[in-house]
$ cat target.pdb   # PDB, C-alpha atoms and all ligand atoms
ATOM      1  CA  MET A   1      18.914 -21.327 -15.190
ATOM      2  CA  SER A   2      21.977 -20.314 -13.213
ATOM      3  CA  ASP A   3      19.665 -19.523 -10.264
ATOM      4  CA  LEU A   4      18.366 -23.082 -10.449
ATOM      5  CA  LEU A   5      21.885 -24.523 -10.420
ATOM      6  CA  SER A   6      22.974 -22.304  -7.531
ATOM      7  CA  TYR A   7      19.791 -23.166  -5.678
ATOM      8  CA  SER A   8      20.272 -26.900  -5.885
ATOM      9  CA  ARG A   9      24.000 -26.674  -5.114
ATOM     10  CA  ILE A  10      23.774 -24.470  -2.077
ATOM     11  CA  ARG A  11      26.381 -25.532   0.458
ATOM     12  CA  PRO A  12      27.200 -24.322   3.969
ATOM     13  CA  PRO A  13      28.984 -20.957   3.712
ATOM     14  CA  GLU A  14      32.772 -20.938   3.844
ATOM     15  CA  LEU A  15      33.331 -17.897   6.020
ATOM     16  CA  GLN A  16      36.328 -15.650   5.632
ATOM     17  CA  LEU A  17      36.924 -12.120   6.852
ATOM     18  CA  VAL A  18      36.314 -10.005   3.783
ATOM     19  CA  SER A  19      35.571  -6.440   2.788
ATOM     20  CA  LEU A  20      31.818  -6.084   2.220
ATOM     21  CA  PRO A  21      32.207  -3.166  -0.236
ATOM     22  CA  GLU A  22      34.560  -5.346  -2.294
ATOM     23  CA  VAL A  23      32.008  -8.158  -2.413
ATOM     24  CA  ILE A  24      29.302  -5.672  -3.452
ATOM     25  CA  GLU A  25      31.549  -4.069  -6.097
ATOM     26  CA  ASP A  26      32.410  -7.497  -7.423
ATOM     27  CA  ALA A  27      28.722  -8.311  -7.912
ATOM     28  CA  PHE A  28      28.027  -4.855  -9.310
ATOM     29  CA  SER A  29      30.733  -5.160 -11.953
ATOM     30  CA  SER A  30      28.608  -7.727 -13.816
ATOM     31  CA  VAL A  31      25.651  -5.342 -14.152
ATOM     32  CA  LYS A  32      27.509  -2.041 -14.526
ATOM     33  CA  GLU A  33      27.260  -1.964 -18.310
ATOM     34  CA  GLU A  34      23.626  -2.991 -18.261
ATOM     35  CA  CYS A  35      22.900  -0.088 -15.902
ATOM     36  CA  GLN A  36      24.545   2.355 -18.268
ATOM     37  CA  LEU A  37      22.642   0.984 -21.258
ATOM     38  CA  ALA A  38      19.320   1.110 -19.400
ATOM     39  CA  GLY A  39      19.888   4.674 -18.188
ATOM     40  CA  VAL A  40      20.033   3.623 -14.552
ATOM     41  CA  ARG A  41      22.009   5.978 -12.341
ATOM     42  CA  VAL A  42      23.805   4.360  -9.448
ATOM     43  CA  GLU A  43      24.549   5.746  -6.055
ATOM     44  CA  LYS A  44      26.720   3.817  -3.611
ATOM     45  CA  ARG A  45      27.114   4.772   0.000
ATOM     46  CA  PHE A  46      29.470   2.598   1.985
ATOM     47  CA  ASP A  47      30.231   3.379   5.595
ATOM     48  CA  PRO A  48      34.028   3.877   5.664
ATOM     49  CA  THR A  49      34.235   2.336   9.151
ATOM     50  CA  LEU A  50      32.859  -1.067   8.114
ATOM     51  CA  PRO A  51      35.031  -3.805   9.600
ATOM     52  CA  PRO A  52      35.949  -6.959   7.653
ATOM     53  CA  LEU A  53      33.013  -9.386   7.935
ATOM     54  CA  PRO A  54      32.845 -13.182   8.139
ATOM     55  CA  LEU A  55      31.175 -13.939   4.807
ATOM     56  CA  ASP A  56      31.229 -16.470   2.020
ATOM     57  CA  SER A  57      32.118 -13.890  -0.599
ATOM     58  CA  GLN A  58      30.960 -16.024  -3.536
ATOM     59  CA  GLN A  59      27.556 -16.693  -2.000
ATOM     60  CA  MET A  60      27.095 -13.096  -0.885
ATOM     61  CA  ALA A  61      28.074 -11.789  -4.319
ATOM     62  CA  ARG A  62      25.296 -14.008  -5.695
ATOM     63  CA  VAL A  63      22.826 -12.435  -3.254
ATOM     64  CA  PHE A  64      23.761  -8.901  -4.313
ATOM     65  CA  LEU A  65      23.760  -9.805  -7.994
ATOM     66  CA  ASN A  66      20.226 -11.188  -7.682
ATOM     67  CA  LEU A  67      19.068  -7.987  -5.973
ATOM     68  CA  PHE A  68      20.742  -5.809  -8.631
ATOM     69  CA  LEU A  69      19.204  -7.854 -11.448
ATOM     70  CA  ASN A  70      15.741  -7.532  -9.923
ATOM     71  CA  ALA A  71      16.241  -3.793  -9.535
ATOM     72  CA  LEU A  72      17.362  -3.458 -13.152
ATOM     73  CA  GLN A  73      14.478  -5.574 -14.407
ATOM     74  CA  ALA A  74      12.126  -3.272 -12.492
ATOM     75  CA  MET A  75      13.535  -0.182 -14.263
ATOM     76  CA  PRO A  76      13.502  -0.922 -17.999
ATOM     77  CA  GLY A  77      13.084   2.779 -18.741
ATOM     78  CA  GLY A  78      15.911   3.887 -16.464
ATOM     79  CA  GLY A  79      15.901   5.167 -12.914
ATOM     80  CA  MET A  80      18.069   5.113  -9.884
ATOM     81  CA  LEU A  81      19.726   2.255  -8.033
ATOM     82  CA  THR A  82      20.974   2.999  -4.535
ATOM     83  CA  ILE A  83      23.268   0.623  -2.704
ATOM     84  CA  GLN A  84      23.983   1.410   0.881
ATOM     85  CA  ALA A  85      26.010  -0.409   3.533
ATOM     86  CA  MET A  86      26.034   0.885   7.058
ATOM     87  CA  ARG A  87      27.112  -0.162  10.469
ATOM     88  CA  HIS A  88      24.817  -0.204  13.517
ATOM     89  CA  GLU A  89      25.786  -0.351  17.123
ATOM     90  CA  SER A  90      24.151  -3.013  19.246
ATOM     91  CA  GLY A  91      21.599  -0.581  20.775
ATOM     92  CA  TYR A  92      18.798  -1.377  18.388
ATOM     93  CA  HIS A  93      17.864  -4.000  15.866
ATOM     94  CA  LEU A  94      15.402  -4.454  13.051
ATOM     95  CA  GLN A  95      12.088  -6.175  13.448
ATOM     96  CA  GLN A  96      10.275  -6.778  10.159
ATOM     97  CA  GLY A  97      12.379  -4.031   8.697
ATOM     98  CA  PHE A  98      11.737  -1.395  11.322
ATOM     99  CA  PRO A  99      14.214  -0.189  13.932
ATOM    100  CA  THR A 100      13.383  -1.357  17.437
ATOM    101  CA  THR A 101      15.263  -0.537  20.587
ATOM    102  CA  GLY A 102      16.138  -3.263  23.049
ATOM    103  CA  GLY A 103      18.633  -6.021  23.626
ATOM    104  CA  THR A 104      19.716  -7.921  20.554
ATOM    105  CA  GLY A 105      22.212 -10.406  21.854
ATOM    106  CA  ARG A 106      24.464  -9.020  19.111
ATOM    107  CA  GLU A 107      26.846  -7.090  21.285
ATOM    108  CA  GLU A 108      29.245  -6.305  18.478
ATOM    109  CA  GLY A 109      26.639  -4.465  16.451
ATOM    110  CA  TRP A 110      25.605  -5.396  12.934
ATOM    111  CA  VAL A 111      25.690  -4.279   9.346
ATOM    112  CA  GLU A 112      22.756  -3.375   7.118
ATOM    113  CA  VAL A 113      22.837  -3.346   3.340
ATOM    114  CA  THR A 114      19.973  -1.795   1.399
ATOM    115  CA  VAL A 115      19.394  -2.009  -2.337
ATOM    116  CA  THR A 116      16.752   0.449  -3.467
ATOM    117  CA  ASP A 117      15.311   1.104  -6.910
ATOM    118  CA  THR A 118      12.854   3.540  -8.435
ATOM    119  CA  GLY A 119      11.015   0.910 -10.472
ATOM    120  CA  GLU A 120       7.337   0.036 -10.379
ATOM    121  CA  GLY A 121       7.464  -1.230  -6.795
ATOM    122  CA  ILE A 122       5.945  -4.403  -5.367
ATOM    123  CA  PRO A 123       2.177  -4.492  -4.829
ATOM    124  CA  PRO A 124       1.159  -5.319  -1.220
ATOM    125  CA  GLN A 125      -0.463  -8.616  -2.234
ATOM    126  CA  VAL A 126       2.799  -9.718  -3.916
ATOM    127  CA  LEU A 127       5.130  -8.559  -1.148
ATOM    128  CA  GLY A 128       4.379 -11.564   1.067
ATOM    129  CA  GLU A 129       5.199 -14.033  -1.728
ATOM    130  CA  ILE A 130       8.459 -12.861  -3.203
ATOM    131  CA  PHE A 131      10.779 -15.066  -1.140
ATOM    132  CA  ARG A 132       8.787 -18.210  -1.971
ATOM    133  CA  PRO A 133      10.687 -20.600  -4.280
ATOM    134  CA  PHE A 134       9.446 -20.382  -7.883
ATOM    135  CA  PHE A 135       7.291 -17.325  -7.220
ATOM    136  CA  THR A 136       7.683 -14.972 -10.161
ATOM    137  CA  THR A 137       5.643 -12.277 -11.877
ATOM    138  CA  LYS A 138       7.966 -12.295 -14.908
ATOM    139  CA  ALA A 139       7.328 -14.081 -18.199
ATOM    140  CA  LYS A 140      10.804 -15.620 -18.120
ATOM    141  CA  GLY A 141      11.539 -15.473 -14.398
ATOM    142  CA  THR A 142      12.813 -18.453 -12.408
ATOM    143  CA  GLY A 143      11.341 -17.230  -9.139
ATOM    144  CA  LEU A 144      14.473 -18.452  -7.409
ATOM    145  CA  GLY A 145      16.590 -15.319  -7.042
ATOM    146  CA  LEU A 146      15.146 -14.087  -3.761
ATOM    147  CA  SER A 147      14.551 -17.506  -2.312
ATOM    148  CA  LEU A 148      18.211 -18.327  -2.952
ATOM    149  CA  ALA A 149      19.216 -14.977  -1.441
ATOM    150  CA  GLN A 150      17.137 -15.704   1.646
ATOM    151  CA  ARG A 151      18.693 -19.138   2.140
ATOM    152  CA  ILE A 152      22.187 -17.716   1.834
ATOM    153  CA  ILE A 153      21.473 -14.837   4.222
ATOM    154  CA  GLU A 154      19.922 -17.194   6.771
ATOM    155  CA  GLN A 155      22.963 -19.455   6.607
ATOM    156  CA  HIS A 156      24.984 -16.360   7.484
ATOM    157  CA  HIS A 157      22.606 -15.777  10.435
ATOM    158  CA  GLY A 158      21.311 -12.602   8.802
ATOM    159  CA  GLN A 159      17.886 -11.368   7.832
ATOM    160  CA  ILE A 160      16.480 -10.219   4.516
ATOM    161  CA  PHE A 161      13.217  -8.426   3.921
ATOM    162  CA  ALA A 162      11.572  -6.172   1.387
ATOM    163  CA  ARG A 163       9.595  -2.980   1.594
ATOM    164  CA  SER A 164       7.718  -1.122  -1.073
ATOM    165  CA  TRP A 165       6.446   2.402  -1.079
ATOM    166  CA  GLU A 166       3.363   3.351  -3.022
ATOM    167  CA  LEU A 167       3.774   7.004  -2.214
ATOM    168  CA  TRP A 168       7.081   8.708  -1.788
ATOM    169  CA  LEU A 169       8.443  12.164  -2.201
ATOM    170  CA  SER A 170      11.056  12.777  -4.843
ATOM    171  CA  PRO A 171      13.287  10.814  -5.458
ATOM    172  CA  PRO A 172      10.890   7.872  -5.186
ATOM    173  CA  PRO A 173      12.468   4.614  -4.007
ATOM    174  CA  LYS A 174       9.818   2.014  -4.709
ATOM    175  CA  ALA A 175      11.429  -1.250  -3.754
ATOM    176  CA  CYS A 176      14.005  -1.733  -1.080
ATOM    177  CA  LEU A 177      15.694  -5.028  -0.258
TER     178      LEU A 177
HETATM  179  N1  LIG B 201      13.192  -4.713  -7.160
HETATM  180  C1  LIG B 201      11.994  -5.259  -7.412
HETATM  181  N2  LIG B 201      10.960  -4.503  -7.887
HETATM  182  C2  LIG B 201       9.767  -5.056  -8.151
HETATM  183  N3  LIG B 201       9.469  -6.353  -7.963
HETATM  184  C3  LIG B 201      10.442  -7.154  -7.488
HETATM  185  C4  LIG B 201      11.745  -6.660  -7.189
HETATM  186  N4  LIG B 201      12.493  -7.688  -6.721
HETATM  187  C5  LIG B 201      11.692  -8.767  -6.730
HETATM  188  N5  LIG B 201      10.469  -8.471  -7.200
HETATM  189  C6  LIG B 201       9.326  -9.407  -7.337
HETATM  190  O1  LIG B 201       9.674 -10.633  -6.718
HETATM  191  C7  LIG B 201       9.544 -11.717  -7.640
HETATM  192  C8  LIG B 201      10.540 -12.803  -7.300
HETATM  193  O2  LIG B 201      11.875 -12.372  -7.547
HETATM  194  P1  LIG B 201      13.002 -13.448  -7.795
HETATM  195  O3  LIG B 201      12.947 -14.468  -6.718
HETATM  196  O4  LIG B 201      14.283 -12.742  -8.010
HETATM  197  O5  LIG B 201      12.545 -14.184  -9.122
HETATM  198  P2  LIG B 201      12.480 -13.638 -10.628
HETATM  199  O6  LIG B 201      13.332 -12.396 -10.694
HETATM  200  O7  LIG B 201      13.031 -14.751 -11.443
HETATM  201  O8  LIG B 201      11.032 -13.379 -10.905
HETATM  202  C9  LIG B 201       9.711 -11.062  -8.999
HETATM  203  O9  LIG B 201       9.106 -11.818 -10.029
HETATM  204  C10 LIG B 201       9.004  -9.721  -8.784
HETATM  205  O10 LIG B 201       7.595  -9.874  -8.854
HETATM  206 MG    MG B 202      15.255 -12.274  -9.847
END

$ encode --input "target.pdb" --output "structure tokens"
Amino acid sequence: MSDLLSYSRIRPPELQLVSLPEVIEDAFSSVKEECQLAGVRVEKRFDPTLPPLPLDSQQMARVFLNLFLNALQAMPGGGMLTIQAMRHESGYHLQQGFPTTGGTGREEGWVEVTVTDTGEGIPPQVLGEIFRPFFTTKAKGTGLGLSLAQRIIEQHHGQIFARSWELWLSPPPKACL
């Protein structure tokens, strides 16, 4: 229900220079206990050289919370949640999730955040649907978490995408957003 309210009330982002790790930690604090109860181990890797970023911290915290909730819901029997934030120079950019060399027009470089879980993964036929409003595979899902996240990221001129691995060596990250 709160996804639905946030979705209908989405407003242009109010950008302020903020610490990305602080925004992520803020979102994580609301799922920390749930992780412990579910037996989900958490690994955070934040690049110590990250500069302050122009973000709407409330909206971005919502994005991260939605990703963490999805990860937790994918690991009811426990697992591993990895949250990574790293800085890239302007030399290469991502195209459909894969690094590509070439001009980006983003001369100051950019920052990538990945949220990875070891849950059941996302089947290839589902992967293309997950950002669609109201798309859900859950009995009580709203199907709005990722669509809301995508709208917020786009309003920040960012990109969001998902990958899923069917086969992976240990440890096995299965979904990565
Ligand atoms: N980490 C994940 N692992 C597996 N499936 C996922 C994950 N994140 C999202 N999904 C898939 O994407 C769908 C849409 O997610 P979302 O928009 O957050 O809606 P909801 O969580 O309410 O279903 C989910 O129902 C699920 O099928
Ligand atoms: Mg969700």

$ residues_near_point --input "target.pdb" --point "(21.6, 1.2, -22.0)" --cutoff "12 Å" --atoms "all atoms listed in the file" --output "NGL selection string"
:A and (31-41 or 72 or 75-79)

$ write_last_selection --input "target.pdb" --atoms "C-alpha atoms" --output "PDB file, in the frame of the given file"
ATOM      1  CA  VAL A  31      25.651  -5.342 -14.152  1.00  0.00           C
ATOM      2  CA  LYS A  32      27.509  -2.041 -14.526  1.00  0.00           C
ATOM      3  CA  GLU A  33      27.260  -1.964 -18.310  1.00  0.00           C
ATOM      4  CA  GLU A  34      23.626  -2.991 -18.261  1.00  0.00           C
ATOM      5  CA  CYS A  35      22.900  -0.088 -15.902  1.00  0.00           C
ATOM      6  CA  GLN A  36      24.545   2.355 -18.268  1.00  0.00           C
ATOM      7  CA  LEU A  37      22.642   0.984 -21.258  1.00  0.00           C
ATOM      8  CA  ALA A  38      19.320   1.110 -19.400  1.00  0.00           C
ATOM      9  CA  GLY A  39      19.888   4.674 -18.188  1.00  0.00           C
ATOM     10  CA  VAL A  40      20.033   3.623 -14.552  1.00  0.00           C
ATOM     11  CA  ARG A  41      22.009   5.978 -12.341  1.00  0.00           C
ATOM     12  CA  LEU A  72      17.362  -3.458 -13.152  1.00  0.00           C
ATOM     13  CA  MET A  75      13.535  -0.182 -14.263  1.00  0.00           C
ATOM     14  CA  PRO A  76      13.502  -0.922 -17.999  1.00  0.00           C
ATOM     15  CA  GLY A  77      13.084   2.779 -18.741  1.00  0.00           C
ATOM     16  CA  GLY A  78      15.911   3.887 -16.464  1.00  0.00           C
ATOM     17  CA  GLY A  79      15.901   5.167 -12.914  1.00  0.00           C
TER      18      GLY A  79
END

$ residues_near_ligand --input "target.pdb" --ligand "ligand LIG 201 (chain B)" --cutoff "7 Å" --atoms "only C-alpha atoms and all ligand atoms" --output "mmCIF file with C-alpha atoms, in the frame of the given file"
data_model
loop_
_atom_site.group_PDB
_atom_site.id
_atom_site.type_symbol
_atom_site.label_atom_id
_atom_site.label_comp_id
_atom_site.auth_asym_id
_atom_site.auth_seq_id
_atom_site.Cartn_x
_atom_site.Cartn_y
_atom_site.Cartn_z
ATOM 1 C CA ASN A 66 20.226 -11.188 -7.682
ATOM 2 C CA LEU A 67 19.068 -7.987 -5.973
ATOM 3 C CA ASN A 70 15.741 -7.532 -9.923
ATOM 4 C CA ALA A 71 16.241 -3.793 -9.535
ATOM 5 C CA ALA A 74 12.126 -3.272 -12.492
ATOM 6 C CA ASP A 117 15.311 1.104 -6.910
ATOM 7 C CA GLY A 119 11.015 0.910 -10.472
ATOM 8 C CA GLU A 120 7.337 0.036 -10.379
ATOM 9 C CA GLY A 121 7.464 -1.230 -6.795
ATOM 10 C CA ILE A 122 5.945 -4.403 -5.367
ATOM 11 C CA VAL A 126 2.799 -9.718 -3.916
ATOM 12 C CA ILE A 130 8.459 -12.861 -3.203
ATOM 13 C CA PHE A 131 10.779 -15.066 -1.140
ATOM 14 C CA PRO A 133 10.687 -20.600 -4.280
ATOM 15 C CA PHE A 134 9.446 -20.382 -7.883
ATOM 16 C CA PHE A 135 7.291 -17.325 -7.220
ATOM 17 C CA THR A 136 7.683 -14.972 -10.161
ATOM 18 C CA THR A 137 5.643 -12.277 -11.877
ATOM 19 C CA LYS A 138 7.966 -12.295 -14.908
ATOM 20 C CA GLY A 141 11.539 -15.473 -14.398
ATOM 21 C CA THR A 142 12.813 -18.453 -12.408
ATOM 22 C CA GLY A 143 11.341 -17.230 -9.139
ATOM 23 C CA LEU A 144 14.473 -18.452 -7.409
ATOM 24 C CA GLY A 145 16.590 -15.319 -7.042
ATOM 25 C CA LEU A 146 15.146 -14.087 -3.761
ATOM 26 C CA SER A 147 14.551 -17.506 -2.312
ATOM 27 C CA ALA A 175 11.429 -1.250 -3.754
ATOM 28 C CA CYS A 176 14.005 -1.733 -1.080
#

$ closest_residue --input "target.pdb" --among "A:Pro12, A:Ser2, A:Leu53, A:Glu89" --to "ligand MG 202 (chain B)" --atoms "all atoms listed in the file"
A:Ser2

$ residues_around --input "target.pdb" --residues "Val63 of chain A" --least-positions-apart "3" --cutoff "10 Å" --atoms "only C-alpha atoms" --output "list in words"
Ile24, Ala27, Ser57, Gln58, Gln59, Met60, Asn66, Leu67, Phe68, Gly145, Leu146, Ser147, Leu148, Ala149, Gln150, Arg151, Ile152 and Ile153 of chain A

$ closest_residue --input "target.pdb" --among "A:Leu5, A:Ile83, A:Val23, A:Ile10" --to "Pro52 of chain A" --atoms "only C-alpha atoms"
A:Val23

$ atom_distance --input "target.pdb" --atom1 "atom CA of Arg87 of chain A" --atom2 "atom CA of Arg11 of chain A"
27.3 Å
